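Novice: Pasting in a structure now, in structure tokens, and then I'll have a few things to ask.
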Amino acid sequence: MLKILPQTPEAHDIVKSLYDENADRLGEGWRDEVKKYLKLNTKYFREELVADALAAKDDAETGSVTNENELETLARLDWAKAEPILKRFATDTMPRRAVLAKTLLYRQYGPSRTSGAELSTDLKNIVENRKALGYSRDRAADALLSSEWTGRDEWFLKLFHDPTLRNLHDGFYLRGPLVDVVGRAPDHWIPIVTRLLGSPDRAVHDNAVECLIQFQLRNARKDALTPLLPWLSDPKWSSASDRLRLIQSVDDLDIRESVPGLIAVLNQNVDEAERAYAANSLIRFRDPRASADLRRGMPLIVDAHYRQMFIAALIAAGGLPDRDAASDIEVYAGTMSTEEGSKALERAEYAWPKVPLPVPVSIGQYLAERGAPSEGTMSILLTRATALESSNRALAESLQDIVHRWPSVIGDRDIAVRIMGQSASARSIGYALRRRETFAKNCAEAIATAKTSAGLPAGFLAVLSGDVPRETELLQGADKGAVLSLLASARLVRESLPLDQVARLYTSGDVQLEQVAGAFLTAEDSPQAREIFSAKSRSLMIIGARQGGAIRGIIPILTLISARANCCR
């Protein structure tokens with residue numbers, strides 16, 4: 001709560017009281033954290049704060065000043081104690097500490113006082129000195145440009161001629177004083193800095209780009225990034241950093257003028273990530289002009305994740321007709337069905353260095369596993385699966401499985417037909433159960449027919465439609481096939497069934513019924529279900545619903561049911 005407490009004397013006194021009462025009892029971690037808060041925000045522990053400020057010194061390894069925060073805090077809380085320390089530090093031999101002291105003195109005096117004016121001149125010289133330490137130049141610029149004074153903007157803009165200010169290295173840190181100033185007041189500076197783009201002085205141009213490109217991703221601003229669009233078409237337009245962030249930001253800002261530049265990036269001799277994210281940004285714009293370049297650039301993308309971006313962009317651009325998509329899915333399904341092909345798919349995902357798949361296999365894999373084929377593509381695939389049933393049954397079943405995996409009218413209706421014909425696979429029924437609400441809407445006719453049907457289809461379709469009266473009717477009846485399929489399906493969607501009827505089946509003496517009813521009771525796991533178990537057996541049992549998807553759970557029970565009818569293969 002220390003971060004949100006009001007900075008008032010009353011709140012400070014309460015925290016100090018809590019500290020005094022609990023410091024010994026609550027341990028070192030609590031004690032240190034609360035004491036640090038009191039020292040850096042309140043009147044308490046002032047002498048310790050003074051001692052910490054006096055211990056400030058240069059740290060050449062990190063390019064900073066140790067105890068910088070304590071020295072700044074003392075200047076803020078107790079200027080009378082801080083001023084003599086800062087005056088002494090400002091004249092000593094530690095260059096970073098000296099500049100820090102000068103900036104704190106300058107902030108207190110302001111540019112109007114004589115002492116402040118002298119410090120202003122000194123700090124300006126430090127900023128302009130290309131041989132000065134990065135920390136010193138950065139701190140001096142920050143102090144000078146954080147307040148208003150006559151000629152401030154003109155002096156700031158002159159700094160853009162200095163190429164060394166773009167990337168100031170000092171120890172661990174990379175500093176950018178120009179970027180920081182623009183970032184603090186974007187509404188003021190963006191229009192001004194934008195006018196510097198295209199300057200004949202390359203340093204001015206690149207510094208301006210560096211200042212504008214910071215407004216990216218979550219902080220993206222259209223007024224800052226639109227002037228940078230030439231950078232897309234020509235990667236050498238600027239040597240500033242973060243061109244990738246421009247590529248990643250134009251879609252969220254809906255900058256449609258970026259489309260020609262993004263298309264140009266797809267086949268540039270640049271990092272693979274830049275090409276891939278150009279494709280990713282193009283997804284939003286769904287521009288057919290991108291199709292040819294996406295096709296041309298895709299074979300050169302090695303990373304599987306980046307290639308998926310190209311594929312998604314190609315689909316969004318309308319560059320993947322249904323027949324081509326169906327052909328690619330079949331190529332992928334054929335690859336997946338062989339040992340050699342499975343290893344190739346695994347290498348593409350996990351091997352290093354990356355081993356790319358053939359483009360048709362990549363597209364087929366994306367559509368099968370991530371992209372959801374169109375209804376037209378699914379129709380072609382189902383027709384093709386039917387044609388292959390006699391010559392290549394494994395491939396036919398694989399194509400059917402891909403279609404059934406995705407929610408679609410044509411896929412759901414094909415599953416319904418196969419359920420009625422007792423030829424649906426366990427996986428297909430599992431897919432339908434996982435989306436049974438949309439399945440019921442897509443297959444209303446088949447469900448209506450099932451109300452008068454019998455056997456395995458009746459139980460499956462009763463649960464798929466969520467028809468509780470029909471479920472109860474079947475459960476109480478003597479149609480063993482319907483009861484088996486009903487219990488197996490109900491278990492997976494956590495359908496509530498009358499447990500007295502399930503108990504009757506669990507103790508019926510029919511091995512199949514008992515096993516399927518037992519599986520339902522195990523997943524249902526209520527006190528009543530436990531009583532049913534204990535009444536029949538005193539042996540140890542592990543009960544409760546298994547974690548995982550419907551498909552994994554349905555296969556064992558449906559395989560058991562298949563002993564009665566060839567419902568799953």
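Quick note on naming: the chains in the structure tokens go A, B, ... in the order shown, residues restart at 1 in each chain, and ligands are numbered from 1 in order of appearance.
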Please provide the set of residues having any atom within 9 Å of region 373-384 of chain A, restricted to only C-alpha atoms, with same-chain residues fewer than 4 positions apart removed, written as a VMD selection string.

Specialist: chain A and resid 321 to 327 329 to 330 367 to 368 388 to 389 396 399 to 400 402 to 404 406 408 to 411 414

Novice: Please give the complete set of residues from region 120-326 of chain A that DSSP, run on the backbone, assigns to helix (DSSP H, G or I), formatted as a PyMOL selection string.

Specialist: chain A and resi 120-128+134-144+152-161+163-165+177-184+186-194+202-213+217-219+222-228+230-233+235-237+243-249+256-265+272-285+288-300+304-316+322-326

Novice: Considering only C-alpha atoms, can you say which of A:Glu531, A:Asp142, A:Glu369, A:Asp479 comes closest to Gly183 (chain A)?

Specialist: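 Smallest distance to Gly183 (chain A) is found for A:Asp142.
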
Novice: CA of Asn207 (chain A) and CA of Asp223 (chain A), how far apart in Å?

Specialist: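 Calculated distance between CA of Asp223 (chain A) and CA of Asn207 (chain A) is 16.9 Å.
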
Novice: Can you list, as a ChimeraX atom specification, every protein, DNA or RNA residue that comes within 6 Å of region 48-61 of chain A when you count only C-alpha atoms, leaving out same-chain residues fewer than 6 positions away?

Specialist: /A:67,70-71,96-97,171

Novice: Using only C-alpha atoms, which residue out of A:Asp500, A:Asp138, A:Asp510, A:Glu154 lies closest to Leu475 (chain A)?

Specialist: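 Going through A:Asp500, A:Asp138, A:Asp510, A:Glu154 one by one, the smallest distance to Leu475 (chain A) is for A:Asp500.
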
Novice: If we count only C-alpha atoms and set the cut-off at 12 Å, which residues sit around Leu540 (chain A), ignoring sequence neighbours fewer than 6 positions away in its own chain? Please answer as number ranges by chain.

Specialist: A: 530, 533-534

Novice: Give me, please, the distance in Å between CA of Ala240 (chain A) and CA of Gly151 (chain A), quoted to one decimal.

Specialist: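 Rounded to one decimal, the two atoms are 27.3 Å apart.
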
Novice: Might you pull out every residue within 9 Å of Ala490 (chain A), with only C-alpha atoms counted and same-chain residues fewer than 3 positions away left off, and present them as a VMD selection string?

Specialist: chain A and resid 460 463 to 464 485 to 487 493 to 497 520

Novice: Kindly indicate which residue among A:Ala276, A:Val270, A:Ala348, A:Ala503 lies nearest to Val361 (chain A), using only C-alpha atoms for the distances.

Specialist: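 Among the listed residues, A:Ala348 lies closest to Val361 (chain A).
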
Novice: May I ask for the distance between CA of Thr522 (chain A) and CA of Gly544 (chain A), given in Å to one decimal place?

Specialist: 5.4 Å

Novice: Could you give me, as an mmCIF file with N, CA and C atoms, in the first residue's frame, the residues within 12 Å of Glu346 (chain A), counting only C-alpha atoms and dropping anything in the same chain fewer than 5 positions from it?

Specialist:
data_model
loop_
_atom_site.group_PDB
_atom_site.id
_atom_site.type_symbol
_atom_site.label_atom_id
_atom_site.label_comp_id
_atom_site.auth_asym_id
_atom_site.auth_seq_id
_atom_site.Cartn_x
_atom_site.Cartn_y
_atom_site.Cartn_z
ATOM 1 N N ALA A 304 9.040 -21.168 -38.803
ATOM 2 C CA ALA A 304 7.655 -21.623 -38.987
ATOM 3 C C ALA A 304 6.648 -20.586 -38.495
ATOM 4 N N THR A 335 1.604 -35.823 -46.020
ATOM 5 C CA THR A 335 2.904 -35.733 -45.344
ATOM 6 C C THR A 335 2.798 -36.248 -43.918
ATOM 7 N N MET A 336 1.746 -35.880 -43.243
ATOM 8 C CA MET A 336 1.542 -36.259 -41.851
ATOM 9 C C MET A 336 1.353 -37.759 -41.690
ATOM 10 N N GLU A 339 5.945 -41.695 -41.857
ATOM 11 C CA GLU A 339 6.945 -41.503 -40.803
ATOM 12 C C GLU A 339 7.939 -40.411 -41.189
ATOM 13 N N GLU A 340 8.378 -40.451 -42.440
ATOM 14 C CA GLU A 340 9.322 -39.437 -42.908
ATOM 15 C C GLU A 340 8.698 -38.041 -42.868
ATOM 16 N N GLY A 341 7.434 -37.967 -43.291
ATOM 17 C CA GLY A 341 6.759 -36.673 -43.277
ATOM 18 C C GLY A 341 6.564 -36.142 -41.873
ATOM 19 N N ALA A 351 13.666 -27.978 -34.794
ATOM 20 C CA ALA A 351 15.084 -28.127 -35.103
ATOM 21 C C ALA A 351 15.804 -26.781 -35.122
ATOM 22 N N TRP A 352 17.080 -26.813 -34.846
ATOM 23 C CA TRP A 352 17.936 -25.633 -34.985
ATOM 24 C C TRP A 352 19.258 -26.059 -35.622
ATOM 25 N N LYS A 354 16.814 -23.787 -38.281
ATOM 26 C CA LYS A 354 15.476 -24.053 -38.778
ATOM 27 C C LYS A 354 15.519 -24.784 -40.121
ATOM 28 N N VAL A 355 14.597 -25.734 -40.265
ATOM 29 C CA VAL A 355 14.470 -26.481 -41.516
ATOM 30 C C VAL A 355 13.068 -26.225 -42.059
ATOM 31 N N PRO A 356 12.934 -25.404 -43.111
ATOM 32 C CA PRO A 356 11.592 -25.040 -43.575
ATOM 33 C C PRO A 356 10.900 -26.185 -44.303
ATOM 34 N N LEU A 357 9.593 -26.202 -44.223
ATOM 35 C CA LEU A 357 8.776 -27.151 -44.970
ATOM 36 C C LEU A 357 8.538 -26.619 -46.376
ATOM 37 N N GLN A 365 -0.789 -27.211 -43.365
ATOM 38 C CA GLN A 365 -0.709 -27.358 -41.907
ATOM 39 C C GLN A 365 -1.385 -26.190 -41.210
#

Novice: Find, counting only C-alpha atoms, the residue in A:Met298, A:Ala545, A:Ala387, A:Ile213 that gets nearest to Val359 (chain A).

Specialist: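 That would be A:Met298, the residue with the smallest distance to Val359 (chain A).
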
Novice: Please extract the residues of region 50-96 of chain A with a backbone DSSP assignment of strand (DSSP E or B) and present them as a PyMOL selection string.

Specialist: chain A and resi 57-59+64-66

Novice: I'd like the contact shell of Ser258 (chain A) - 12 Å cut-off, only C-alpha atoms, skipping same-chain residues fewer than 6 positions apart - returned as a PDB file with N, CA and C atoms, in the first residue's frame.

Specialist:
ATOM      1  N   LYS A 222      -0.245   8.339 -34.769  1.00  0.00           N
ATOM      2  CA  LYS A 222      -0.307   8.447 -36.228  1.00  0.00           C
ATOM      3  C   LYS A 222       0.480   9.647 -36.728  1.00  0.00           C
ATOM      4  N   LEU A 225       4.200   8.601 -36.792  1.00  0.00           N
ATOM      5  CA  LEU A 225       4.649   7.489 -37.639  1.00  0.00           C
ATOM      6  C   LEU A 225       4.336   7.674 -39.121  1.00  0.00           C
ATOM      7  N   THR A 226       3.262   8.363 -39.455  1.00  0.00           N
ATOM      8  CA  THR A 226       2.937   8.550 -40.874  1.00  0.00           C
ATOM      9  C   THR A 226       4.078   9.209 -41.640  1.00  0.00           C
ATOM     10  N   PRO A 227       4.767  10.223 -41.100  1.00  0.00           N
ATOM     11  CA  PRO A 227       5.889  10.809 -41.840  1.00  0.00           C
ATOM     12  C   PRO A 227       7.062   9.846 -42.057  1.00  0.00           C
ATOM     13  N   LEU A 228       7.066   8.713 -41.347  1.00  0.00           N
ATOM     14  CA  LEU A 228       8.165   7.753 -41.482  1.00  0.00           C
ATOM     15  C   LEU A 228       7.890   6.665 -42.514  1.00  0.00           C
ATOM     16  N   LEU A 229       6.752   6.715 -43.205  1.00  0.00           N
ATOM     17  CA  LEU A 229       6.396   5.652 -44.150  1.00  0.00           C
ATOM     18  C   LEU A 229       7.429   5.437 -45.257  1.00  0.00           C
ATOM     19  N   PRO A 230       8.162   6.447 -45.737  1.00  0.00           N
ATOM     20  CA  PRO A 230       9.197   6.167 -46.742  1.00  0.00           C
ATOM     21  C   PRO A 230      10.230   5.152 -46.276  1.00  0.00           C
ATOM     22  N   TRP A 231      10.373   5.014 -44.971  1.00  0.00           N
ATOM     23  CA  TRP A 231      11.325   4.052 -44.410  1.00  0.00           C
ATOM     24  C   TRP A 231      10.938   2.619 -44.758  1.00  0.00           C
ATOM     25  N   LEU A 232       9.653   2.369 -45.004  1.00  0.00           N
ATOM     26  CA  LEU A 232       9.215   1.021 -45.375  1.00  0.00           C
ATOM     27  C   LEU A 232       9.731   0.644 -46.752  1.00  0.00           C
ATOM     28  N   SER A 233       9.581   1.524 -47.694  1.00  0.00           N
ATOM     29  CA  SER A 233       9.998   1.225 -49.066  1.00  0.00           C
ATOM     30  C   SER A 233      11.518   1.179 -49.200  1.00  0.00           C
ATOM     31  N   LEU A 246       7.972   0.319 -36.475  1.00  0.00           N
ATOM     32  CA  LEU A 246       7.116   1.023 -37.430  1.00  0.00           C
ATOM     33  C   LEU A 246       6.256   0.011 -38.176  1.00  0.00           C
ATOM     34  N   ILE A 247       6.876  -1.063 -38.635  1.00  0.00           N
ATOM     35  CA  ILE A 247       6.163  -2.112 -39.361  1.00  0.00           C
ATOM     36  C   ILE A 247       5.060  -2.712 -38.495  1.00  0.00           C
ATOM     37  N   GLN A 248       5.339  -2.874 -37.208  1.00  0.00           N
ATOM     38  CA  GLN A 248       4.385  -3.515 -36.299  1.00  0.00           C
ATOM     39  C   GLN A 248       3.274  -2.581 -35.833  1.00  0.00           C
ATOM     40  N   SER A 249       3.398  -1.294 -36.085  1.00  0.00           N
ATOM     41  CA  SER A 249       2.443  -0.327 -35.527  1.00  0.00           C
ATOM     42  C   SER A 249       1.442   0.220 -36.524  1.00  0.00           C
ATOM     43  N   VAL A 250       1.754   0.172 -37.816  1.00  0.00           N
ATOM     44  CA  VAL A 250       0.894   0.851 -38.788  1.00  0.00           C
ATOM     45  C   VAL A 250      -0.484   0.211 -38.899  1.00  0.00           C
ATOM     46  N   ASP A 251      -0.582  -1.088 -38.619  1.00  0.00           N
ATOM     47  CA  ASP A 251      -1.903  -1.722 -38.740  1.00  0.00           C
ATOM     48  C   ASP A 251      -2.832  -1.298 -37.611  1.00  0.00           C
ATOM     49  N   ASP A 252      -2.303  -1.245 -36.387  1.00  0.00           N
ATOM     50  CA  ASP A 252      -3.151  -0.816 -35.267  1.00  0.00           C
ATOM     51  C   ASP A 252      -3.626   0.621 -35.445  1.00  0.00           C
ATOM     52  N   ALA A 264       6.398  -3.776 -50.132  1.00  0.00           N
ATOM     53  CA  ALA A 264       7.809  -3.687 -50.541  1.00  0.00           C
ATOM     54  C   ALA A 264       8.714  -4.422 -49.554  1.00  0.00           C
ATOM     55  N   VAL A 265       8.383  -4.370 -48.262  1.00  0.00           N
ATOM     56  CA  VAL A 265       9.222  -5.000 -47.243  1.00  0.00           C
ATOM     57  C   VAL A 265       9.271  -6.520 -47.430  1.00  0.00           C
ATOM     58  N   ALA A 278       5.764  -7.415 -41.560  1.00  0.00           N
ATOM     59  CA  ALA A 278       5.109  -6.669 -42.638  1.00  0.00           C
ATOM     60  C   ALA A 278       3.903  -7.460 -43.136  1.00  0.00           C
ATOM     61  N   ALA A 279       4.080  -8.768 -43.294  1.00  0.00           N
ATOM     62  CA  ALA A 279       2.951  -9.625 -43.669  1.00  0.00           C
ATOM     63  C   ALA A 279       1.868  -9.585 -42.603  1.00  0.00           C
ATOM     64  N   SER A 281       1.128  -7.206 -40.521  1.00  0.00           N
ATOM     65  CA  SER A 281       0.398  -5.940 -40.571  1.00  0.00           C
ATOM     66  C   SER A 281      -0.547  -5.887 -41.761  1.00  0.00           C
ATOM     67  N   LEU A 282      -0.165  -6.540 -42.851  1.00  0.00           N
ATOM     68  CA  LEU A 282      -1.014  -6.544 -44.046  1.00  0.00           C
ATOM     69  C   LEU A 282      -2.324  -7.299 -43.822  1.00  0.00           C
ATOM     70  N   ARG A 284      -4.515  -6.879 -41.617  1.00  0.00           N
ATOM     71  CA  ARG A 284      -5.585  -5.941 -41.305  1.00  0.00           C
ATOM     72  C   ARG A 284      -6.174  -5.298 -42.553  1.00  0.00           C
ATOM     73  N   PHE A 285      -5.318  -5.020 -43.539  1.00  0.00           N
ATOM     74  CA  PHE A 285      -5.755  -4.231 -44.690  1.00  0.00           C
ATOM     75  C   PHE A 285      -6.396  -5.068 -45.790  1.00  0.00           C
ATOM     76  N   ASP A 287      -5.562  -6.413 -48.552  1.00  0.00           N
ATOM     77  CA  ASP A 287      -5.360  -5.785 -49.867  1.00  0.00           C
ATOM     78  C   ASP A 287      -4.886  -6.825 -50.880  1.00  0.00           C
ATOM     79  N   ALA A 290      -1.225  -7.432 -52.323  1.00  0.00           N
ATOM     80  CA  ALA A 290      -0.138  -8.090 -51.593  1.00  0.00           C
ATOM     81  C   ALA A 290       0.062  -9.542 -52.000  1.00  0.00           C
TER      82      ALA A 290
END

Novice: Name the closest residue to Ala519 (chain A) among the candidates A:Ala432, A:Ala312, A:Val502, A:Ala208; distances are taken between atoms, counting only C-alpha atoms.

Specialist: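 The shortest atom-to-atom distance to Ala519 (chain A) comes from A:Val502.
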